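Heads up, the thing below is written out as structure tokens.
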Amino acid sequence: MNKASTYGLQSIFGLQGRTALVTGSSRGIGAAIAQGLAAAGAHVFVHGQSHKSSNRTVAAIRSDGGHADPVSAELGKPNSARRLVEQCEDQAGRLDILIINASAQINAPLARVTPEDLDVHFNVNFRSTVEMLQSCLPPMAARRWGRVVSIGSINQYAPKPVVTLYAATKAAQHNLIQSQAREYAGTGVVLNTLAPGLIDTDRNVDRKQQDPEGWKSYTERVNWMGRAGVPSEMVGAALFLASDACSFMTGETVNITGGV
Ligand SMILES: NC(=O)c1ccc[n+]([C@@H]2O[C@H](COP(=O)([O-])OP(=O)(O)OC[C@H]3O[C@@H](n4cnc5c(N)ncnc54)[C@H](OP(=O)(O)O)[C@@H]3O)[C@@H](O)[C@H]2O)c1
């Protein structure tokens, strides 16, 4: 291999022959990342709570000439995340890249948190992460190559009181990623977190529609750039973390926040 190909974009970032699962890729940040991985050559399993919700992203990938299949699971149910990973491995014969992106977020200060809110956050954000890691890491290590990217949040280290449970479960998720990064270091499997700041997605649509002026003034103050990010701005970093380029980085966090 000559120097040009060693440092060519395809050798560093190309994902031909790789299989990826992106949870919560029916829309928002996950959909953008799924499309980015597919454009780099990966076969992508697009996940949503139902096939109906995943189909739009699958269609977009296929119309660009990429390879994608829909999968669905309600991640709040015990063992559903484990079965989701196993289904991808059975269908494709391997899972090389796992993007842990779907999450629950119920805004409430601690005084108003209900037991049901606690269960939803714990199950969707934390339990499902444990199950997916238990299922995907041993086969990745046996094949000597794997990439896990957990989509965190700046709330994992700078928690706002209105998202108490969301922030705490994001912090727990990142802690788990770090412990497993250490456990699997040297096996060819790396695990990292991508932590976005405020991104304009369905997650913020109610707030935006109910109080457009408040949203405008909030976005102007929320970071140095004075605007919310958009999902496509997460793709380059996700592609880096999912590729051969990320062979010597594990247990780290990439913050994409517009400056905070
Ligand atoms: N947007 C932001 O400002 C922001 C900031 C920091 C971090 N993040 C993080 O970035 C990630 C993506 O956020 P987003 O704003 O793009 O999300 P979003 O637009 O709200 O989309 C959520 C995705 O997760 C899936 N999902 C939700 N609950 C689920 C459940 N119980 N079981 C299975 N799937 C479920 C949804 O599937 P359906 O379409 O089928 O419902 C959808 O694909 C999340 O981890 C979020 O915490 C977002």
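Letters A, B, ... mark the chains of the structure tokens in the order given; residue numbers begin at 1 per chain; ligand numbers begin at 1, in order shown.
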- All residues having an atom within 6 Å of ligand 1 (only C-alpha atoms and all ligand atoms) as a VMD selection string: chain A and resid 24 to 30 48 to 50 53 73 to 76 101 to 104 124 151 to 153 196 to 203
- Those in stretch 11-76 of chain A with helix (DSSP H, G or I) from DSSP, as a list of chain:residue names: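 Answer for stretch 11-76 of chain A restricted to helix (DSSP H, G or I) is A:Ser11, A:Ile12, A:Phe13, A:Gly28, A:Ile29, A:Gly30, A:Ala31, A:Ala32, A:Ile33, A:Ala34, A:Gln35, A:Gly36, A:Leu37, A:Ala38, A:Ala39, A:His51, A:Lys52, A:Ser53, A:Ser54, A:Asn55, A:Arg56, A:Thr57, A:Val58, A:Ala59, A:Ala60, A:Ile61, A:Arg62, A:Ser63.
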Generate the output file for the selected residues, N, CA and C atoms, as a PDB file, in the first residue's frame.
```pdb
ATOM      1  N   SER A  11      -9.202   4.837   3.370  1.00  0.00           N
ATOM      2  CA  SER A  11      -8.517   3.942   4.320  1.00  0.00           C
ATOM      3  C   SER A  11      -8.728   4.371   5.756  1.00  0.00           C
ATOM      4  N   ILE A  12      -8.901   5.675   5.973  1.00  0.00           N
ATOM      5  CA  ILE A  12      -9.033   6.142   7.358  1.00  0.00           C
ATOM      6  C   ILE A  12     -10.492   6.119   7.833  1.00  0.00           C
ATOM      7  N   PHE A  13     -11.375   6.631   6.990  1.00  0.00           N
ATOM      8  CA  PHE A  13     -12.773   6.784   7.423  1.00  0.00           C
ATOM      9  C   PHE A  13     -13.745   5.820   6.735  1.00  0.00           C
ATOM     10  N   GLY A  28     -33.906  12.774  13.870  1.00  0.00           N
ATOM     11  CA  GLY A  28     -32.956  13.549  14.677  1.00  0.00           C
ATOM     12  C   GLY A  28     -31.494  13.202  14.444  1.00  0.00           C
ATOM     13  N   ILE A  29     -30.724  13.280  15.523  1.00  0.00           N
ATOM     14  CA  ILE A  29     -29.280  13.059  15.460  1.00  0.00           C
ATOM     15  C   ILE A  29     -28.966  11.651  14.954  1.00  0.00           C
ATOM     16  N   GLY A  30     -29.724  10.668  15.429  1.00  0.00           N
ATOM     17  CA  GLY A  30     -29.485   9.278  15.025  1.00  0.00           C
ATOM     18  C   GLY A  30     -29.659   9.087  13.533  1.00  0.00           C
ATOM     19  N   ALA A  31     -30.699   9.716  12.958  1.00  0.00           N
ATOM     20  CA  ALA A  31     -30.941   9.581  11.513  1.00  0.00           C
ATOM     21  C   ALA A  31     -29.767  10.162  10.731  1.00  0.00           C
ATOM     22  N   ALA A  32     -29.270  11.314  11.154  1.00  0.00           N
ATOM     23  CA  ALA A  32     -28.131  11.933  10.460  1.00  0.00           C
ATOM     24  C   ALA A  32     -26.895  11.040  10.552  1.00  0.00           C
ATOM     25  N   ILE A  33     -26.646  10.486  11.732  1.00  0.00           N
ATOM     26  CA  ILE A  33     -25.471   9.615  11.896  1.00  0.00           C
ATOM     27  C   ILE A  33     -25.627   8.346  11.053  1.00  0.00           C
ATOM     28  N   ALA A  34     -26.825   7.767  11.047  1.00  0.00           N
ATOM     29  CA  ALA A  34     -27.057   6.552  10.244  1.00  0.00           C
ATOM     30  C   ALA A  34     -26.768   6.842   8.770  1.00  0.00           C
ATOM     31  N   GLN A  35     -27.228   7.989   8.286  1.00  0.00           N
ATOM     32  CA  GLN A  35     -27.000   8.348   6.882  1.00  0.00           C
ATOM     33  C   GLN A  35     -25.511   8.580   6.628  1.00  0.00           C
ATOM     34  N   GLY A  36     -24.818   9.164   7.578  1.00  0.00           N
ATOM     35  CA  GLY A  36     -23.374   9.398   7.433  1.00  0.00           C
ATOM     36  C   GLY A  36     -22.595   8.090   7.385  1.00  0.00           C
ATOM     37  N   LEU A  37     -22.932   7.150   8.266  1.00  0.00           N
ATOM     38  CA  LEU A  37     -22.228   5.856   8.282  1.00  0.00           C
ATOM     39  C   LEU A  37     -22.489   5.099   6.979  1.00  0.00           C
ATOM     40  N   ALA A  38     -23.746   5.167   6.509  1.00  0.00           N
ATOM     41  CA  ALA A  38     -24.080   4.470   5.261  1.00  0.00           C
ATOM     42  C   ALA A  38     -23.332   5.092   4.084  1.00  0.00           C
ATOM     43  N   ALA A  39     -23.210   6.420   4.072  1.00  0.00           N
ATOM     44  CA  ALA A  39     -22.483   7.090   2.984  1.00  0.00           C
ATOM     45  C   ALA A  39     -21.007   6.696   2.986  1.00  0.00           C
ATOM     46  N   HIS A  51     -41.089  -0.279  13.084  1.00  0.00           N
ATOM     47  CA  HIS A  51     -40.554  -0.251  11.723  1.00  0.00           C
ATOM     48  C   HIS A  51     -41.082   0.964  10.981  1.00  0.00           C
ATOM     49  N   LYS A  52     -42.338   1.320  11.304  1.00  0.00           N
ATOM     50  CA  LYS A  52     -42.949   2.452  10.608  1.00  0.00           C
ATOM     51  C   LYS A  52     -42.086   3.703  10.794  1.00  0.00           C
ATOM     52  N   SER A  53     -41.578   3.905  12.016  1.00  0.00           N
ATOM     53  CA  SER A  53     -40.791   5.121  12.248  1.00  0.00           C
ATOM     54  C   SER A  53     -39.402   5.035  11.601  1.00  0.00           C
ATOM     55  N   SER A  54     -38.844   3.811  11.474  1.00  0.00           N
ATOM     56  CA  SER A  54     -37.484   3.677  10.903  1.00  0.00           C
ATOM     57  C   SER A  54     -37.468   3.770   9.392  1.00  0.00           C
ATOM     58  N   ASN A  55     -38.607   3.493   8.768  1.00  0.00           N
ATOM     59  CA  ASN A  55     -38.613   3.339   7.311  1.00  0.00           C
ATOM     60  C   ASN A  55     -38.191   4.582   6.544  1.00  0.00           C
ATOM     61  N   ARG A  56     -38.474   5.765   7.106  1.00  0.00           N
ATOM     62  CA  ARG A  56     -38.111   6.993   6.381  1.00  0.00           C
ATOM     63  C   ARG A  56     -36.585   7.113   6.238  1.00  0.00           C
ATOM     64  N   THR A  57     -35.859   6.837   7.312  1.00  0.00           N
ATOM     65  CA  THR A  57     -34.386   6.905   7.239  1.00  0.00           C
ATOM     66  C   THR A  57     -33.848   5.818   6.315  1.00  0.00           C
ATOM     67  N   VAL A  58     -34.445   4.626   6.394  1.00  0.00           N
ATOM     68  CA  VAL A  58     -34.007   3.529   5.518  1.00  0.00           C
ATOM     69  C   VAL A  58     -34.178   3.945   4.059  1.00  0.00           C
ATOM     70  N   ALA A  59     -35.326   4.542   3.747  1.00  0.00           N
ATOM     71  CA  ALA A  59     -35.586   4.960   2.361  1.00  0.00           C
ATOM     72  C   ALA A  59     -34.577   6.021   1.921  1.00  0.00           C
ATOM     73  N   ALA A  60     -34.251   6.959   2.810  1.00  0.00           N
ATOM     74  CA  ALA A  60     -33.295   8.018   2.447  1.00  0.00           C
ATOM     75  C   ALA A  60     -31.921   7.411   2.149  1.00  0.00           C
ATOM     76  N   ILE A  61     -31.504   6.441   2.966  1.00  0.00           N
ATOM     77  CA  ILE A  61     -30.191   5.802   2.754  1.00  0.00           C
ATOM     78  C   ILE A  61     -30.189   5.032   1.438  1.00  0.00           C
ATOM     79  N   ARG A  62     -31.253   4.273   1.213  1.00  0.00           N
ATOM     80  CA  ARG A  62     -31.294   3.465  -0.021  1.00  0.00           C
ATOM     81  C   ARG A  62     -31.346   4.362  -1.250  1.00  0.00           C
ATOM     82  N   SER A  63     -32.059   5.479  -1.159  1.00  0.00           N
ATOM     83  CA  SER A  63     -32.145   6.334  -2.354  1.00  0.00           C
ATOM     84  C   SER A  63     -30.804   7.000  -2.656  1.00  0.00           C
TER      85      SER A  63
END
```
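From atom CA of A:Ala20 back to atom CA of A:Ala40, the distance works out to 11.3 Å.
In this structure, atom CA of A:Met234 sits 14.0 Å away from atom CA of A:Asn192.
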- Pick from A:Gly146, A:Gly229, A:Gly186, A:Pro78: nearest to A:Val130, with only C-alpha atoms counted?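 For A:Val130, the nearest of the candidates is A:Pro78.
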- Name the residues of stretch 60-204 of chain A that fall into strand (DSSP E) according to DSSP on the backbone, using the chain letters and numbers of this document, as an NGL selection string. :A and (67-72 or 97-100 or 146-151 or 189-196)
Find the residues of stretch 131-233 of chain A that sit at most 9 Å from stretch 91-95 of chain A; for each, write down the nearest two atoms and how far apart they are in Å, to one decimal. Count only C-alpha atoms. Sort by chain, then by number going up, and give it as CSV.
```
residue,atom,partner,partner_atom,distance
A:Cys136,CA,A:Leu95,CA,7.1
A:Pro139,CA,A:Arg94,CA,8.1
A:Met140,CA,A:Leu95,CA,7.3
A:Gly146,CA,A:Leu95,CA,8.1
```
- Query: Which of these residues is nearest to A:Gln156, using only C-alpha atoms: A:Glu220, A:Ser80, A:Leu194, A:Asp96?
  - Reply: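 Using only C-alpha atoms, A:Gln156 sits closest to A:Leu194.
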